[in-house]
Amino acid sequence: MTISASLVKELRERTGAGMMECKKALVETGGDLDTAVENMRKAGLAKADKKSGRVAAEGLVAISRSDDGTGAVLIEINCETDFVSSGEDFGGFAAAVADLALAERPADHDALMALPMSGAASVEEARRALIAKIGENINVRRFQTIEGAERVGSYLHGKRIGVAVAMNGGDDELARDVAMHIAASKPLCVAETDVPKELLAKEREILTEQARNEGKPDAIVEKMVEGRLRKYLAEVTLLGQPFVKDPDLTVAKLLAGKNATVAGFVRFEVGEGIEKKQENFVEEVMAQARGA
């Protein structure tokens, strides 16, 4: 049967699929648009399931901020290649999910994925549809809301590192500068009192062993460990770090000079903690050649 161009166009708009794929679906359903949409969605879910085991360590961080500047959501969404992460479809999906998370304030990842989304029954369905369209595994990996202070500053370094910082006092420029510093210097927490006790104990144990291996007496070892521990705490805490724009000034002194305090921050970096598959393209080509 003859399928009109207008019908193919409508199916493309509803599914985001290619022209030939849409025409084939309409031919199979005898021109029944709704059945074609349903069949293509089912096929898309099957494709998504097949790709779910593939490592997705590329992607982007998106930030959505409230209109009054007192709240923000950071979200990391992953794909398999940097090429896809730079595309409009992927970027638009990430921005839309971040905006939805800010508007709805879901309690956890499952709640976020179940939220209804424009053009889809849920974020999860939209994710699967995007996998079917793009052809790569896509994961909504994590999100976090930050609020509860006078202002929230944010900074995106390209598309791979995103930071939001909650601040009392100061101004918007200072909040952005501190967010930029966090992006560059990667502190673990705001102050020394925020460092996890287990981490501190482990670091003390390592430093003690190092000092003893240098053959120092116990009394000297204790002093050496305390000094090195203070240096470590300055390196991993926001307040102890030298400010990136003026290394002669610590962030603590910078904030004190502006009558400001940092209530908390969130820093996401694409792919951190994900074990990437190591590709050996020479072996891959040789294997294909042997197979041929």
# chains A, B, ... in the order shown; residues from 1 in each chain; ligands from 1
>>> select_by_dssp(residues="range 43-103 of chain A", states="helix (DSSP H, G or I)", output="count of residues only")
29
>>> select_by_dssp(residues="range 56-177 of chain A", states="strand (DSSP E)", output="PyMOL selection string")
chain A and resi 58-65+72-79+139-146+151-157+161-168
>>> write_last_selection(atoms="N, CA and C atoms", output="short mmCIF file (atom, residue, chain, number, x, y, z; two decimals), in the first residue's frame")
data_model
loop_
_atom_site.label_atom_id
_atom_site.label_comp_id
_atom_site.auth_asym_id
_atom_site.auth_seq_id
_atom_site.Cartn_x
_atom_site.Cartn_y
_atom_site.Cartn_z
N GLU A 58 31.08 7.91 29.43
CA GLU A 58 31.10 9.29 28.93
C GLU A 58 29.79 9.96 29.32
N GLY A 59 29.53 11.15 28.81
CA GLY A 59 28.28 11.82 29.13
C GLY A 59 28.48 13.27 29.51
N LEU A 60 27.58 13.76 30.37
CA LEU A 60 27.67 15.16 30.77
C LEU A 60 27.02 15.37 32.13
N VAL A 61 27.36 16.50 32.72
CA VAL A 61 26.73 16.97 33.95
C VAL A 61 25.86 18.17 33.58
N ALA A 62 24.62 18.15 34.03
CA ALA A 62 23.70 19.27 33.79
C ALA A 62 23.31 19.88 35.13
N ILE A 63 23.08 21.19 35.13
CA ILE A 63 22.66 21.91 36.34
C ILE A 63 21.37 22.66 36.03
N SER A 64 20.40 22.54 36.94
CA SER A 64 19.18 23.33 36.84
C SER A 64 19.05 24.14 38.13
N ARG A 65 18.85 25.46 37.99
CA ARG A 65 18.79 26.35 39.15
C ARG A 65 17.40 26.94 39.31
N ALA A 72 19.37 24.30 43.59
CA ALA A 72 19.87 23.79 42.32
C ALA A 72 19.89 22.27 42.36
N VAL A 73 19.86 21.67 41.18
CA VAL A 73 20.00 20.22 41.03
C VAL A 73 21.14 19.96 40.07
N LEU A 74 22.05 19.05 40.47
CA LEU A 74 23.09 18.55 39.58
C LEU A 74 22.71 17.14 39.18
N ILE A 75 22.92 16.80 37.92
CA ILE A 75 22.62 15.46 37.45
C ILE A 75 23.72 15.00 36.50
N GLU A 76 24.09 13.73 36.60
CA GLU A 76 25.05 13.13 35.67
C GLU A 76 24.33 12.09 34.84
N ILE A 77 24.43 12.21 33.53
CA ILE A 77 23.84 11.25 32.62
C ILE A 77 24.95 10.74 31.70
N ASN A 78 25.03 9.42 31.59
CA ASN A 78 26.15 8.80 30.87
C ASN A 78 25.71 8.16 29.56
N CYS A 79 26.66 8.12 28.63
CA CYS A 79 26.51 7.41 27.37
C CYS A 79 27.84 6.72 27.09
N ASN A 139 22.57 6.03 30.70
CA ASN A 139 22.18 5.86 32.10
C ASN A 139 22.00 7.22 32.77
N VAL A 140 20.91 7.35 33.50
CA VAL A 140 20.77 8.50 34.42
C VAL A 140 21.44 8.03 35.70
N ARG A 141 22.68 8.44 35.90
CA ARG A 141 23.50 7.82 36.95
C ARG A 141 23.17 8.34 38.35
N ARG A 142 23.09 9.65 38.51
CA ARG A 142 22.91 10.22 39.85
C ARG A 142 22.43 11.65 39.75
N PHE A 143 21.82 12.12 40.83
CA PHE A 143 21.44 13.52 40.92
C PHE A 143 21.48 13.93 42.38
N GLN A 144 21.59 15.22 42.62
CA GLN A 144 21.57 15.72 44.00
C GLN A 144 21.03 17.14 44.01
N THR A 145 20.17 17.40 44.98
CA THR A 145 19.61 18.74 45.18
C THR A 145 20.39 19.44 46.27
N ILE A 146 20.65 20.72 46.09
CA ILE A 146 21.31 21.51 47.14
C ILE A 146 20.51 22.79 47.36
N ARG A 151 21.95 31.69 49.09
CA ARG A 151 22.16 31.62 47.65
C ARG A 151 22.89 30.34 47.28
N VAL A 152 22.71 29.94 46.04
CA VAL A 152 23.45 28.79 45.50
C VAL A 152 24.20 29.26 44.25
N GLY A 153 25.51 29.14 44.30
CA GLY A 153 26.32 29.45 43.13
C GLY A 153 26.62 28.18 42.37
N SER A 154 26.81 28.29 41.07
CA SER A 154 27.09 27.08 40.28
C SER A 154 28.14 27.38 39.22
N TYR A 155 28.76 26.31 38.76
CA TYR A 155 29.78 26.44 37.71
C TYR A 155 29.86 25.13 36.94
N LEU A 156 29.87 25.24 35.62
CA LEU A 156 30.07 24.09 34.74
C LEU A 156 31.39 24.26 34.01
N HIS A 157 32.26 23.27 34.13
CA HIS A 157 33.52 23.28 33.38
C HIS A 157 33.30 22.41 32.16
N ILE A 161 32.40 18.60 34.29
CA ILE A 161 32.46 18.86 35.73
C ILE A 161 31.43 19.92 36.08
N GLY A 162 30.60 19.62 37.08
CA GLY A 162 29.60 20.57 37.53
C GLY A 162 29.67 20.73 39.04
N VAL A 163 29.48 21.96 39.51
CA VAL A 163 29.55 22.25 40.95
C VAL A 163 28.40 23.18 41.33
N ALA A 164 27.81 22.93 42.48
CA ALA A 164 26.86 23.87 43.08
C ALA A 164 27.27 24.04 44.53
N VAL A 165 27.29 25.28 44.99
CA VAL A 165 27.71 25.57 46.36
C VAL A 165 26.67 26.43 47.05
N ALA A 166 26.28 26.03 48.26
CA ALA A 166 25.30 26.78 49.06
C ALA A 166 26.06 27.73 49.98
N MET A 167 25.69 29.02 49.93
CA MET A 167 26.45 30.03 50.66
C MET A 167 25.53 30.99 51.40
N ASN A 168 25.95 31.35 52.59
CA ASN A 168 25.30 32.43 53.35
C ASN A 168 26.24 33.62 53.38
#
>>> closest_residue(among="A:Asp110, A:Ala129, A:Gly87, A:Leu239", to="Val37 in chain A", atoms="only C-alpha atoms")
A:Ala129
>>> atom_distance(atom1="CA of Phe265 in chain A", atom2="CA of Ala179 in chain A")
8.1 Å
>>> closest_atom_pairs(of="range 249-276 of chain A", to="range 187-203 of chain A", cutoff="10 Å", atoms="only C-alpha atoms", output="JSON lines")
{"residue": "A:Val251", "atom": "CA", "partner": "A:Val190", "partner_atom": "CA", "distance": 10.0}
{"residue": "A:Ala252", "atom": "CA", "partner": "A:Ala191", "partner_atom": "CA", "distance": 9.2}
{"residue": "A:Thr261", "atom": "CA", "partner": "A:Val190", "partner_atom": "CA", "distance": 9.8}
{"residue": "A:Val262", "atom": "CA", "partner": "A:Val190", "partner_atom": "CA", "distance": 7.2}
{"residue": "A:Ala263", "atom": "CA", "partner": "A:Val190", "partner_atom": "CA", "distance": 7.9}
{"residue": "A:Gly264", "atom": "CA", "partner": "A:Val190", "partner_atom": "CA", "distance": 6.6}
{"residue": "A:Phe265", "atom": "CA", "partner": "A:Val190", "partner_atom": "CA", "distance": 7.7}
{"residue": "A:Val266", "atom": "CA", "partner": "A:Cys189", "partner_atom": "CA", "distance": 9.3}
{"residue": "A:Arg267", "atom": "CA", "partner": "A:Pro187", "partner_atom": "CA", "distance": 9.0}
>>> write_last_selection(atoms="N, CA and C atoms", output="CSV table (one decimal), in the first residue's frame")
chain,number,residue,atom,x,y,z
A,251,VAL,N,40.8,29.7,51.1
A,251,VAL,CA,39.4,30.0,50.9
A,251,VAL,C,38.7,30.4,52.2
A,252,ALA,N,39.2,29.9,53.3
A,252,ALA,CA,38.7,30.4,54.6
A,252,ALA,C,38.8,31.9,54.8
A,261,THR,N,29.9,32.3,54.5
A,261,THR,CA,30.2,31.0,55.0
A,261,THR,C,29.6,30.0,53.9
A,262,VAL,N,30.2,28.8,53.8
A,262,VAL,CA,29.7,27.8,52.9
A,262,VAL,C,29.0,26.8,53.7
A,263,ALA,N,27.7,26.5,53.3
A,263,ALA,CA,26.9,25.6,54.0
A,263,ALA,C,27.1,24.1,53.5
A,264,GLY,N,27.5,24.0,52.2
A,264,GLY,CA,27.7,22.7,51.6
A,264,GLY,C,28.0,22.9,50.1
A,265,PHE,N,28.4,21.8,49.5
A,265,PHE,CA,28.6,21.9,48.0
A,265,PHE,C,28.4,20.5,47.5
A,266,VAL,N,28.2,20.4,46.2
A,266,VAL,CA,28.1,19.2,45.4
A,266,VAL,C,29.0,19.3,44.2
A,267,ARG,N,29.8,18.3,43.9
A,267,ARG,CA,30.7,18.3,42.8
A,267,ARG,C,30.5,17.0,42.0
>>> closest_residue(among="A:Ala126, A:Leu33, A:Ala132, A:Val270", to="Gly158 in chain A", atoms="only C-alpha atoms")
A:Val270
>>> closest_residue(among="A:Leu100, A:Val244, A:Leu115, A:Ala120", to="Val178 in chain A", atoms="only C-alpha atoms")
A:Val244
>>> atom_distance(atom1="CA of Thr208 in chain A", atom2="CA of Glu235 in chain A")
18.3 Å
>>> residues_around(residues="range 22-25 of chain A", least_positions_apart="5", cutoff="7 Å", atoms="only C-alpha atoms", output="mmCIF file with C-alpha atoms, in the first residue's frame")
data_model
loop_
_atom_site.group_PDB
_atom_site.id
_atom_site.type_symbol
_atom_site.label_atom_id
_atom_site.label_comp_id
_atom_site.auth_asym_id
_atom_site.auth_seq_id
_atom_site.Cartn_x
_atom_site.Cartn_y
_atom_site.Cartn_z
ATOM 1 C CA VAL A 8 5.652 9.274 7.789
ATOM 2 C CA LEU A 11 5.312 9.189 12.949
ATOM 3 C CA ARG A 12 8.831 10.617 12.918
ATOM 4 C CA ALA A 17 12.974 7.532 14.529
ATOM 5 C CA ALA A 36 2.958 1.788 14.485
#
>>> closest_residue(among="A:Leu174, A:Leu26, A:Ala57, A:Met180", to="Gly271 in chain A", atoms="only C-alpha atoms")
A:Ala57
>>> closest_residue(among="A:Arg212, A:His181, A:Arg160, A:Lys9", to="Thr250 in chain A", atoms="only C-alpha atoms")
A:His181
